[in-house]
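Pasting upload12.txt here (compact mmCIF, C-alpha atoms (C1' of nucleotides)):
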# COMPACT_ATOMS: atom_id res chain seq x y z
CA MET S 493 67.91 99.01 101.36
CA ALA S 494 68.15 97.12 98.12
CA TYR S 495 71.45 98.79 97.35
CA GLY S 496 72.94 96.63 100.08
CA ASN S 497 72.21 93.45 98.20
CA ALA S 498 73.51 95.00 95.00
CA LEU S 499 76.78 95.98 96.65
CA GLU S 500 77.22 92.54 98.18
CA ALA S 501 76.51 90.97 94.81
CA LEU S 502 79.05 93.10 92.96
CA ALA S 503 81.70 92.61 95.62
CA ASP S 504 82.64 89.18 94.30
CA PRO S 505 85.19 89.27 91.43
CA THR S 506 83.65 86.36 89.54
CA ARG S 507 80.22 87.95 89.75
CA ARG S 508 81.66 91.19 88.43
CA ARG S 509 83.14 89.34 85.45
CA ILE S 510 79.75 87.82 84.71
CA PHE S 511 78.05 91.18 85.07
CA GLU S 512 80.62 92.85 82.83
CA ARG S 513 80.11 90.14 80.21
CA LEU S 514 76.43 90.99 80.11
CA ARG S 515 77.40 94.52 79.15
CA ARG S 516 77.95 93.15 75.64
CA GLY S 517 74.38 91.92 75.54
CA ALA S 518 72.03 89.23 76.80
CA GLN S 519 73.48 85.72 76.98
CA PRO S 520 72.48 82.20 78.04
CA VAL S 521 74.16 80.57 81.02
CA GLY S 522 76.31 78.18 79.07
CA ARG S 523 77.87 80.91 77.01
CA LEU S 524 78.54 82.99 80.09
CA ALA S 525 80.31 80.03 81.69
CA THR S 526 82.77 79.46 78.83
CA GLY S 527 85.94 81.37 79.46
CA LEU S 528 85.29 81.79 83.14
CA PRO S 529 87.56 79.91 85.57
CA VAL S 530 84.63 78.35 87.42
CA SER S 531 82.12 75.61 86.65
CA ARG S 532 78.74 76.20 85.06
CA PRO S 533 76.77 75.48 88.26
CA ALA S 534 78.85 78.14 89.97
CA VAL S 535 77.76 80.60 87.29
CA SER S 536 74.15 79.63 87.92
CA GLN S 537 74.57 80.35 91.62
CA HIS S 538 76.12 83.71 90.87
CA LEU S 539 73.32 84.62 88.50
CA LYS S 540 70.82 83.79 91.22
CA VAL S 541 72.50 86.25 93.55
CA LEU S 542 72.63 88.93 90.86
CA LYS S 543 68.98 88.38 90.09
CA GLU S 544 67.90 88.64 93.73
CA ALA S 545 69.85 91.88 93.92
CA GLY S 546 67.83 93.29 91.02
CA LEU S 547 70.90 93.55 88.80
CA VAL S 548 69.93 91.02 86.13
CA SER S 549 66.67 89.67 84.71
CA GLU S 550 65.91 86.24 83.32
CA GLU S 551 64.05 85.20 80.20
CA ARG S 552 63.27 81.57 79.40
CA GLU S 553 63.70 80.50 75.82
CA GLY S 554 63.09 76.80 75.46
CA THR S 555 65.55 75.02 77.66
CA ARG S 556 67.79 78.06 77.83
CA ARG S 557 67.72 80.95 80.26
CA ILE S 558 68.77 84.25 78.80
CA TYR S 559 70.16 86.74 81.28
CA ARG S 560 70.48 90.47 80.76
CA ILE S 561 71.33 93.53 82.81
CA ASP S 562 68.40 94.97 84.76
CA PRO S 563 68.62 98.76 85.03
CA SER S 564 66.47 98.93 88.17
CA GLY S 565 69.12 97.69 90.57
CA LEU S 566 71.65 99.90 88.86
CA ALA S 567 69.47 102.96 89.35
CA GLN S 568 69.12 102.36 93.08
CA LEU S 569 72.87 102.06 93.42
CA ARG S 570 73.38 105.30 91.58
CA THR S 571 71.02 107.32 93.73
CA TRP S 572 72.60 105.88 96.85
CA LEU S 573 76.06 106.80 95.64
CA ASP S 574 74.98 110.31 94.75
CA GLN S 575 74.01 110.97 98.36
CA PHE S 576 77.65 110.59 99.38
CA TRP S 577 78.79 112.58 96.44
CA ASP S 578 76.66 115.53 97.52
CA ALA S 579 77.65 115.14 101.17
CA ALA S 580 81.35 115.09 100.29
CA LEU S 581 80.97 118.22 98.21
CA ASP S 582 79.07 120.01 100.98
CA ALA S 583 81.77 119.08 103.48
CA PHE S 584 84.42 120.35 101.13
CA LYS S 585 82.51 123.59 100.63
CA ALA S 586 82.14 124.05 104.39
CA GLU S 587 85.86 123.42 104.79
CA VAL S 588 86.70 126.11 102.26
CA GLU S 589 84.36 128.60 103.91
CA ARG S 590 85.95 127.87 107.26
CA SER S 591 89.43 128.69 105.99
CA GLU S 592 87.98 131.71 104.22
CA GLY S 593 86.87 132.95 107.60
CA ASP S 594 90.46 132.72 108.83
CA LYS S 595 91.63 135.07 106.14
CA PRO S 596 91.99 138.73 107.10
CA GLU S 597 89.56 140.49 104.79
CA MET U 27 90.44 98.32 88.95
CA ALA U 28 90.15 100.33 92.11
CA TYR U 29 86.37 100.12 91.95
CA GLY U 30 86.75 96.46 92.89
CA ASN U 31 88.21 97.33 96.27
CA ALA U 32 85.57 100.00 96.78
CA LEU U 33 82.76 97.53 96.06
CA GLU U 34 84.24 94.93 98.39
CA ALA U 35 84.62 97.58 101.08
CA LEU U 36 81.01 98.76 100.81
CA ALA U 37 79.65 95.22 100.71
CA ASP U 38 79.92 94.82 104.47
CA PRO U 39 76.90 96.20 106.39
CA THR U 40 78.95 97.49 109.33
CA ARG U 41 81.31 99.26 106.96
CA ARG U 42 78.34 100.85 105.23
CA ARG U 43 77.04 102.13 108.56
CA ILE U 44 80.42 103.70 109.29
CA PHE U 45 80.56 105.21 105.84
CA GLU U 46 77.05 106.57 106.15
CA ARG U 47 77.90 108.10 109.51
CA LEU U 48 80.71 110.02 107.85
CA ARG U 49 78.12 111.58 105.59
CA ARG U 50 77.27 113.88 108.50
CA GLY U 51 80.84 115.08 108.64
CA ALA U 52 84.36 114.09 109.70
CA GLN U 53 84.62 112.18 112.97
CA PRO U 54 87.26 110.56 115.20
CA VAL U 55 87.33 106.78 115.64
CA GLY U 56 85.94 106.73 119.16
CA ARG U 57 82.88 108.71 118.23
CA LEU U 58 82.26 106.50 115.21
CA ALA U 59 82.42 103.43 117.42
CA THR U 60 79.77 104.60 119.90
CA GLY U 61 76.37 103.37 118.83
CA LEU U 62 77.76 100.67 116.59
CA PRO U 63 77.22 97.04 117.64
CA VAL U 64 80.92 96.20 117.32
CA SER U 65 84.03 97.01 119.31
CA ARG U 66 86.29 99.99 118.66
CA PRO U 67 89.16 97.88 117.25
CA ALA U 68 86.69 96.43 114.78
CA VAL U 69 85.87 99.96 113.65
CA SER U 70 89.58 100.65 113.20
CA GLN U 71 89.91 97.59 111.00
CA HIS U 72 86.94 98.66 108.92
CA LEU U 73 88.35 102.16 108.52
CA LYS U 74 91.59 100.66 107.28
CA VAL U 75 89.73 98.78 104.57
CA LEU U 76 87.76 101.88 103.59
CA LYS U 77 90.96 103.90 103.43
CA GLU U 78 92.76 101.36 101.24
CA ALA U 79 89.76 101.45 98.94
CA GLY U 80 90.12 105.21 98.56
CA LEU U 81 86.76 105.87 100.18
CA VAL U 82 87.95 107.72 103.30
CA SER U 83 90.95 109.84 104.23
CA GLU U 84 92.69 110.20 107.57
CA GLU U 85 93.89 113.29 109.40
CA ARG U 86 95.89 113.13 112.65
CA GLU U 87 94.97 115.61 115.31
CA GLY U 88 96.96 114.99 118.45
CA THR U 89 96.19 111.48 119.59
CA ARG U 90 93.01 111.39 117.54
CA ARG U 91 92.51 110.30 113.96
CA ILE U 92 89.83 112.16 112.11
CA TYR U 93 88.24 110.29 109.22
CA ARG U 94 86.25 111.82 106.41
CA ILE U 95 84.78 110.73 103.10
CA ASP U 96 87.23 110.79 100.19
CA PRO U 97 85.50 111.72 96.91
CA SER U 98 88.16 110.05 94.74
CA GLY U 99 87.04 106.48 95.39
CA LEU U 100 83.46 107.57 95.00
CA ALA U 101 84.17 109.09 91.60
CA GLN U 102 85.73 105.88 90.28
CA LEU U 103 82.72 103.91 91.39
CA ARG U 104 80.41 106.32 89.65
CA THR U 105 82.18 106.15 86.30
CA TRP U 106 82.26 102.36 86.50
CA LEU U 107 78.55 102.24 87.21
CA ASP U 108 77.75 104.59 84.36
CA GLN U 109 79.28 102.16 81.88
CA PHE U 110 76.59 99.64 82.72
CA TRP U 111 73.96 102.29 82.71
CA ASP U 112 74.81 103.23 79.14
CA ALA U 113 75.09 99.59 78.05
CA ALA U 114 71.71 98.75 79.52
CA LEU U 115 70.10 101.70 77.77
CA ASP U 116 71.68 100.76 74.45
CA ALA U 117 70.43 97.20 74.81
CA PHE U 118 66.96 98.48 75.59
CA LYS U 119 67.05 100.79 72.58
CA ALA U 120 68.14 97.93 70.32
CA GLU U 121 65.31 95.81 71.70
CA VAL U 122 62.76 98.48 70.92
CA GLU U 123 64.08 98.95 67.39
CA ARG U 124 63.89 95.20 66.86
CA SER U 125 60.22 95.09 67.81
CA GLU U 126 59.61 98.23 65.77
CA GLY U 127 60.87 96.28 62.76
CA ASP U 128 58.19 93.66 63.40
CA LYS U 129 55.43 96.20 63.08
CA PRO U 130 53.74 96.46 59.67
CA GLU U 131 54.34 100.09 58.78
C1' DA T 632 59.82 56.63 73.49
C1' DC T 633 64.47 57.83 73.55
C1' DT T 634 68.32 60.90 73.60
C1' DC T 635 70.66 65.12 74.06
C1' DT T 636 71.08 69.67 75.52
C1' DT T 637 70.59 73.15 78.93
C1' DC T 638 70.17 74.46 83.34
C1' DG T 639 68.96 74.71 88.58
C1' DT T 640 69.52 72.66 93.12
C1' DA T 641 71.49 69.73 96.92
C1' DA T 642 75.27 68.31 99.67
C1' DG T 643 79.74 68.73 101.20
C1' DT T 644 84.39 70.96 101.49
C1' DT T 645 87.59 74.84 102.28
C1' DA T 646 89.42 79.46 102.44
C1' DT T 647 88.65 83.70 104.62
C1' DA T 648 86.16 87.84 106.32
C1' DG T 649 84.71 89.82 110.53
C1' DC T 650 84.76 89.66 115.26
C1' DT T 651 86.85 89.42 119.94
C1' DT T 652 90.45 90.27 123.70
C1' DA T 653 95.05 91.65 124.72
C1' DC T 654 98.74 94.58 124.07
C1' DG T 655 101.73 98.59 122.85
C1' DG T 656 102.56 103.21 121.20
C1' DT T 657 101.86 108.18 121.29
C1' DA T 658 100.19 112.63 122.66
C1' DA T 659 98.21 115.60 126.32
C1' DG T 660 97.30 116.92 130.99
C1' DT T 661 98.79 117.44 135.99
C1' DA L 444 107.57 111.54 135.66
C1' DC L 445 103.06 109.62 135.93
C1' DT L 446 98.55 108.98 134.45
C1' DT L 447 94.94 109.09 131.22
C1' DA L 448 92.78 109.19 126.70
C1' DC L 449 92.86 107.61 122.05
C1' DC L 450 94.01 104.50 118.71
C1' DG L 451 96.36 100.66 115.65
C1' DT L 452 97.95 95.90 115.40
C1' DA L 453 98.49 90.91 116.59
C1' DA L 454 96.57 86.50 117.53
C1' DG L 455 92.92 83.47 117.62
C1' DC L 456 88.10 81.94 116.91
C1' DT L 457 83.87 81.21 114.16
C1' DA L 458 80.39 81.77 110.72
C1' DT L 459 79.84 81.64 105.94
C1' DA L 460 80.71 82.64 101.05
C1' DA L 461 82.38 80.39 96.97
C1' DC L 462 83.51 76.35 94.93
C1' DT L 463 83.13 71.39 93.57
C1' DT L 464 80.64 66.98 92.01
C1' DA L 465 76.32 64.59 91.60
C1' DC L 466 71.71 64.59 90.44
C1' DG L 467 67.16 65.68 88.42
C1' DA L 468 63.86 68.40 85.67
C1' DA L 469 62.33 70.15 81.30
C1' DG L 470 62.26 71.17 76.58
C1' DA L 471 63.78 70.01 71.58
C1' DG L 472 64.87 66.85 68.08
C1' DT L 473 64.73 62.12 65.79
Rewrite the structure from the file as structure tokens, please.
Amino acid sequence: MAYGNALEALADPTRRRIFERLRRGAQPVGRLATGLPVSRPAVSQHLKVLKEAGLVSEEREGTRRIYRIDPSGLAQLRTWLDQFWDAALDAFKAEVERSEGDKPE
Amino acid sequence: MAYGNALEALADPTRRRIFERLRRGAQPVGRLATGLPVSRPAVSQHLKVLKEAGLVSEEREGTRRIYRIDPSGLAQLRTWLDQFWDAALDAFKAEVERSEGDKPE
DNA sequence: ACTCTTCGTAAGTTATAGCTTACGGTAAGT
DNA sequence: ACTTACCGTAAGCTATAACTTACGAAGAGT
């Protein structure tokens, strides 16, 4: 149930902003922090959560830590979401067939 | 940014259990509450959050309220997720091309 | 060796999400 | 009309998530 951690991670608005920033490419912590309304340590804490959720990966480069989006967590979320998508469509299909049965043929 | 509300709604474990129960089909509140480790009013509160997030819809049937999965909120989540999917693939592609450039052809 | 940069972690504070019980409203059955 | 079933909302409590400042580690440059 790794999708649970991913959902909890992406629930926070600040964490979403960080994650959306990484869409433009890999970045070190300091650069991610500039422009955000929270302190740099806060960004570090958020990145830790995102990493544990499998949403970002870390690469050390000297004293810097470069963070980038990790597709693995994303993939799990997608497959989980698709289950509901299919279920909702099936329910809709069943609903249509039910009302079809009401029609006088 | 409706996906934000959807993510926050699905972040809670109890709310996920309710949502996953609805995958089997539409159900009234009382039936959803049985088997869950929380009280029935708690389930009502969770359903309210899910509804405001566009993830479930409500249908009144006498004194009962039937809840079912609403595909609209799901669709918004999917499109939002796909943006990161594409971005991550592009970044990966760029990374490969960069290391390809290092190779002596 | 010393300094500076970059970053993670610890400790402490505060807002709030999730839960409970209590209550009221509405529809259906007798 | 009275009772019963089903449900939403209000009020209050509690755990904790998100933030801050302070500190230390670790590498790069002089």
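Near chain L, counting all atoms listed in the file at 8 Å, the chain S residues are S:Val530, S:Ala534, S:Gly554, S:Thr555.
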Mind fitting chain S onto chain U over all Cα atoms in sequence order and sending the result as a PDB file with C-alpha atoms, keeping the file's coordinate frame?
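Heads up, here's the output in out-v8.pdb:
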ATOM      1  CA  MET S 493      90.308  98.314  88.935  1.00  0.00           C
ATOM      2  CA  ALA S 494      90.047 100.327  92.098  1.00  0.00           C
ATOM      3  CA  TYR S 495      86.277 100.131  91.953  1.00  0.00           C
ATOM      4  CA  GLY S 496      86.640  96.486  92.911  1.00  0.00           C
ATOM      5  CA  ASN S 497      88.131  97.336  96.262  1.00  0.00           C
ATOM      6  CA  ALA S 498      85.494  99.999  96.801  1.00  0.00           C
ATOM      7  CA  LEU S 499      82.688  97.545  96.104  1.00  0.00           C
ATOM      8  CA  GLU S 500      84.186  94.936  98.409  1.00  0.00           C
ATOM      9  CA  ALA S 501      84.575  97.565 101.104  1.00  0.00           C
ATOM     10  CA  LEU S 502      80.978  98.754 100.866  1.00  0.00           C
ATOM     11  CA  ALA S 503      79.605  95.227 100.767  1.00  0.00           C
ATOM     12  CA  ASP S 504      79.909  94.816 104.526  1.00  0.00           C
ATOM     13  CA  PRO S 505      76.904  96.191 106.482  1.00  0.00           C
ATOM     14  CA  THR S 506      78.977  97.481 109.390  1.00  0.00           C
ATOM     15  CA  ARG S 507      81.316  99.277 107.015  1.00  0.00           C
ATOM     16  CA  ARG S 508      78.335 100.848 105.294  1.00  0.00           C
ATOM     17  CA  ARG S 509      77.056 102.131 108.643  1.00  0.00           C
ATOM     18  CA  ILE S 510      80.438 103.689 109.339  1.00  0.00           C
ATOM     19  CA  PHE S 511      80.565 105.208 105.877  1.00  0.00           C
ATOM     20  CA  GLU S 512      77.035 106.563 106.216  1.00  0.00           C
ATOM     21  CA  ARG S 513      77.938 108.100 109.576  1.00  0.00           C
ATOM     22  CA  LEU S 514      80.727 110.019 107.900  1.00  0.00           C
ATOM     23  CA  ARG S 515      78.124 111.581 105.640  1.00  0.00           C
ATOM     24  CA  ARG S 516      77.302 113.862 108.576  1.00  0.00           C
ATOM     25  CA  GLY S 517      80.885 115.051 108.681  1.00  0.00           C
ATOM     26  CA  ALA S 518      84.401 114.095 109.716  1.00  0.00           C
ATOM     27  CA  GLN S 519      84.697 112.176 112.985  1.00  0.00           C
ATOM     28  CA  PRO S 520      87.349 110.546 115.182  1.00  0.00           C
ATOM     29  CA  VAL S 521      87.387 106.783 115.629  1.00  0.00           C
ATOM     30  CA  GLY S 522      86.033 106.735 119.136  1.00  0.00           C
ATOM     31  CA  ARG S 523      82.970 108.713 118.222  1.00  0.00           C
ATOM     32  CA  LEU S 524      82.320 106.513 115.222  1.00  0.00           C
ATOM     33  CA  ALA S 525      82.483 103.440 117.455  1.00  0.00           C
ATOM     34  CA  THR S 526      79.841 104.628 119.938  1.00  0.00           C
ATOM     35  CA  GLY S 527      76.453 103.384 118.905  1.00  0.00           C
ATOM     36  CA  LEU S 528      77.813 100.689 116.662  1.00  0.00           C
ATOM     37  CA  PRO S 529      77.302  97.059 117.736  1.00  0.00           C
ATOM     38  CA  VAL S 530      80.993  96.222 117.388  1.00  0.00           C
ATOM     39  CA  SER S 531      84.128  97.032 119.366  1.00  0.00           C
ATOM     40  CA  ARG S 532      86.373  99.998 118.683  1.00  0.00           C
ATOM     41  CA  PRO S 533      89.234  97.892 117.262  1.00  0.00           C
ATOM     42  CA  ALA S 534      86.754  96.443 114.797  1.00  0.00           C
ATOM     43  CA  VAL S 535      85.931  99.976 113.673  1.00  0.00           C
ATOM     44  CA  SER S 536      89.632 100.651 113.209  1.00  0.00           C
ATOM     45  CA  GLN S 537      89.945  97.586 110.997  1.00  0.00           C
ATOM     46  CA  HIS S 538      86.969  98.669 108.941  1.00  0.00           C
ATOM     47  CA  LEU S 539      88.369 102.154 108.511  1.00  0.00           C
ATOM     48  CA  LYS S 540      91.607 100.641 107.261  1.00  0.00           C
ATOM     49  CA  VAL S 541      89.723  98.772 104.566  1.00  0.00           C
ATOM     50  CA  LEU S 542      87.749 101.870 103.596  1.00  0.00           C
ATOM     51  CA  LYS S 543      90.933 103.882 103.418  1.00  0.00           C
ATOM     52  CA  GLU S 544      92.723 101.351 101.211  1.00  0.00           C
ATOM     53  CA  ALA S 545      89.703 101.431  98.928  1.00  0.00           C
ATOM     54  CA  GLY S 546      90.074 105.198  98.537  1.00  0.00           C
ATOM     55  CA  LEU S 547      86.720 105.861 100.190  1.00  0.00           C
ATOM     56  CA  VAL S 548      87.930 107.693 103.296  1.00  0.00           C
ATOM     57  CA  SER S 549      90.947 109.826 104.201  1.00  0.00           C
ATOM     58  CA  GLU S 550      92.701 110.193 107.527  1.00  0.00           C
ATOM     59  CA  GLU S 551      93.923 113.272 109.344  1.00  0.00           C
ATOM     60  CA  ARG S 552      95.937 113.083 112.559  1.00  0.00           C
ATOM     61  CA  GLU S 553      95.071 115.573 115.242  1.00  0.00           C
ATOM     62  CA  GLY S 554      97.085 114.918 118.358  1.00  0.00           C
ATOM     63  CA  THR S 555      96.306 111.435 119.507  1.00  0.00           C
ATOM     64  CA  ARG S 556      93.115 111.344 117.482  1.00  0.00           C
ATOM     65  CA  ARG S 557      92.586 110.272 113.899  1.00  0.00           C
ATOM     66  CA  ILE S 558      89.879 112.147 112.087  1.00  0.00           C
ATOM     67  CA  TYR S 559      88.273 110.284 109.218  1.00  0.00           C
ATOM     68  CA  ARG S 560      86.263 111.814 106.407  1.00  0.00           C
ATOM     69  CA  ILE S 561      84.765 110.731 103.110  1.00  0.00           C
ATOM     70  CA  ASP S 562      87.199 110.796 100.189  1.00  0.00           C
ATOM     71  CA  PRO S 563      85.459 111.722  96.932  1.00  0.00           C
ATOM     72  CA  SER S 564      88.079 110.035  94.741  1.00  0.00           C
ATOM     73  CA  GLY S 565      86.958 106.480  95.394  1.00  0.00           C
ATOM     74  CA  LEU S 566      83.372 107.581  95.021  1.00  0.00           C
ATOM     75  CA  ALA S 567      84.077 109.096  91.620  1.00  0.00           C
ATOM     76  CA  GLN S 568      85.628 105.896  90.295  1.00  0.00           C
ATOM     77  CA  LEU S 569      82.607 103.925  91.416  1.00  0.00           C
ATOM     78  CA  ARG S 570      80.291 106.329  89.683  1.00  0.00           C
ATOM     79  CA  THR S 571      82.038 106.176  86.337  1.00  0.00           C
ATOM     80  CA  TRP S 572      82.118 102.400  86.531  1.00  0.00           C
ATOM     81  CA  LEU S 573      78.414 102.261  87.266  1.00  0.00           C
ATOM     82  CA  ASP S 574      77.609 104.624  84.429  1.00  0.00           C
ATOM     83  CA  GLN S 575      79.125 102.203  81.930  1.00  0.00           C
ATOM     84  CA  PHE S 576      76.414  99.678  82.772  1.00  0.00           C
ATOM     85  CA  TRP S 577      73.796 102.333  82.775  1.00  0.00           C
ATOM     86  CA  ASP S 578      74.662 103.292  79.206  1.00  0.00           C
ATOM     87  CA  ALA S 579      74.944  99.663  78.108  1.00  0.00           C
ATOM     88  CA  ALA S 580      71.535  98.825  79.572  1.00  0.00           C
ATOM     89  CA  LEU S 581      69.971 101.772  77.800  1.00  0.00           C
ATOM     90  CA  ASP S 582      71.584 100.825  74.485  1.00  0.00           C
ATOM     91  CA  ALA S 583      70.313  97.266  74.845  1.00  0.00           C
ATOM     92  CA  PHE S 584      66.856  98.548  75.593  1.00  0.00           C
ATOM     93  CA  LYS S 585      66.987 100.843  72.575  1.00  0.00           C
ATOM     94  CA  ALA S 586      68.110  97.976  70.338  1.00  0.00           C
ATOM     95  CA  GLU S 587      65.272  95.858  71.701  1.00  0.00           C
ATOM     96  CA  VAL S 588      62.723  98.525  70.842  1.00  0.00           C
ATOM     97  CA  GLU S 589      64.119  98.939  67.338  1.00  0.00           C
ATOM     98  CA  ARG S 590      63.948  95.198  66.831  1.00  0.00           C
ATOM     99  CA  SER S 591      60.253  95.069  67.683  1.00  0.00           C
ATOM    100  CA  GLU S 592      59.743  98.170  65.567  1.00  0.00           C
ATOM    101  CA  GLY S 593      61.071  96.193  62.647  1.00  0.00           C
ATOM    102  CA  ASP S 594      58.395  93.561  63.252  1.00  0.00           C
ATOM    103  CA  LYS S 595      55.664  96.111  62.844  1.00  0.00           C
ATOM    104  CA  PRO S 596      54.042  96.352  59.415  1.00  0.00           C
ATOM    105  CA  GLU S 597      54.775  99.909  58.342  1.00  0.00           C
TER     106      GLU S 597
END
What are the residues of chain T lining chain U at 9 Å or less? Count all atoms listed in the file, and put the answer as a PDB file with C-alpha atoms (C1' of nucleotides), in the frame of the given file.
ATOM      1  C1'  DG T 649      84.710  89.820 110.530  1.00  0.00           C
ATOM      2  C1'  DC T 650      84.760  89.660 115.260  1.00  0.00           C
ATOM      3  C1'  DT T 651      86.850  89.420 119.940  1.00  0.00           C
ATOM      4  C1'  DT T 657     101.860 108.180 121.290  1.00  0.00           C
ATOM      5  C1'  DA T 658     100.190 112.630 122.660  1.00  0.00           C
ATOM      6  C1'  DA T 659      98.210 115.600 126.320  1.00  0.00           C
TER       7       DA T 659
END
Exercise for the section: Would you give me, as JSON, numbers by chain, the residues of chain U that come within 12 Å of chain S, using all atoms listed in the file? Expected result: {"U": [27, 28, 29, 30, 31, 32, 33, 34, 35, 36, 37, 38, 39, 40, 41, 42, 43, 45, 46, 47, 48, 49, 50, 51, 52, 81, 82, 83, 94, 95, 96, 97, 98, 99, 100, 101, 102, 103, 104, 105, 106, 107, 108, 109, 110, 111, 112, 113, 114, 115, 116, 117, 118, 119, 120, 121]}
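The two atoms in question, atom CA of S:Val541 and atom CA of S:Ile510, are spaced 11.5 Å apart.
Atom CA of U:Gly61 to atom CA of U:Arg91 spans 18.2 Å [interatomic distance, one decimal].
Between atom CA of S:Glu550 and atom CA of S:Leu524 the interatomic distance comes to 13.4 Å.
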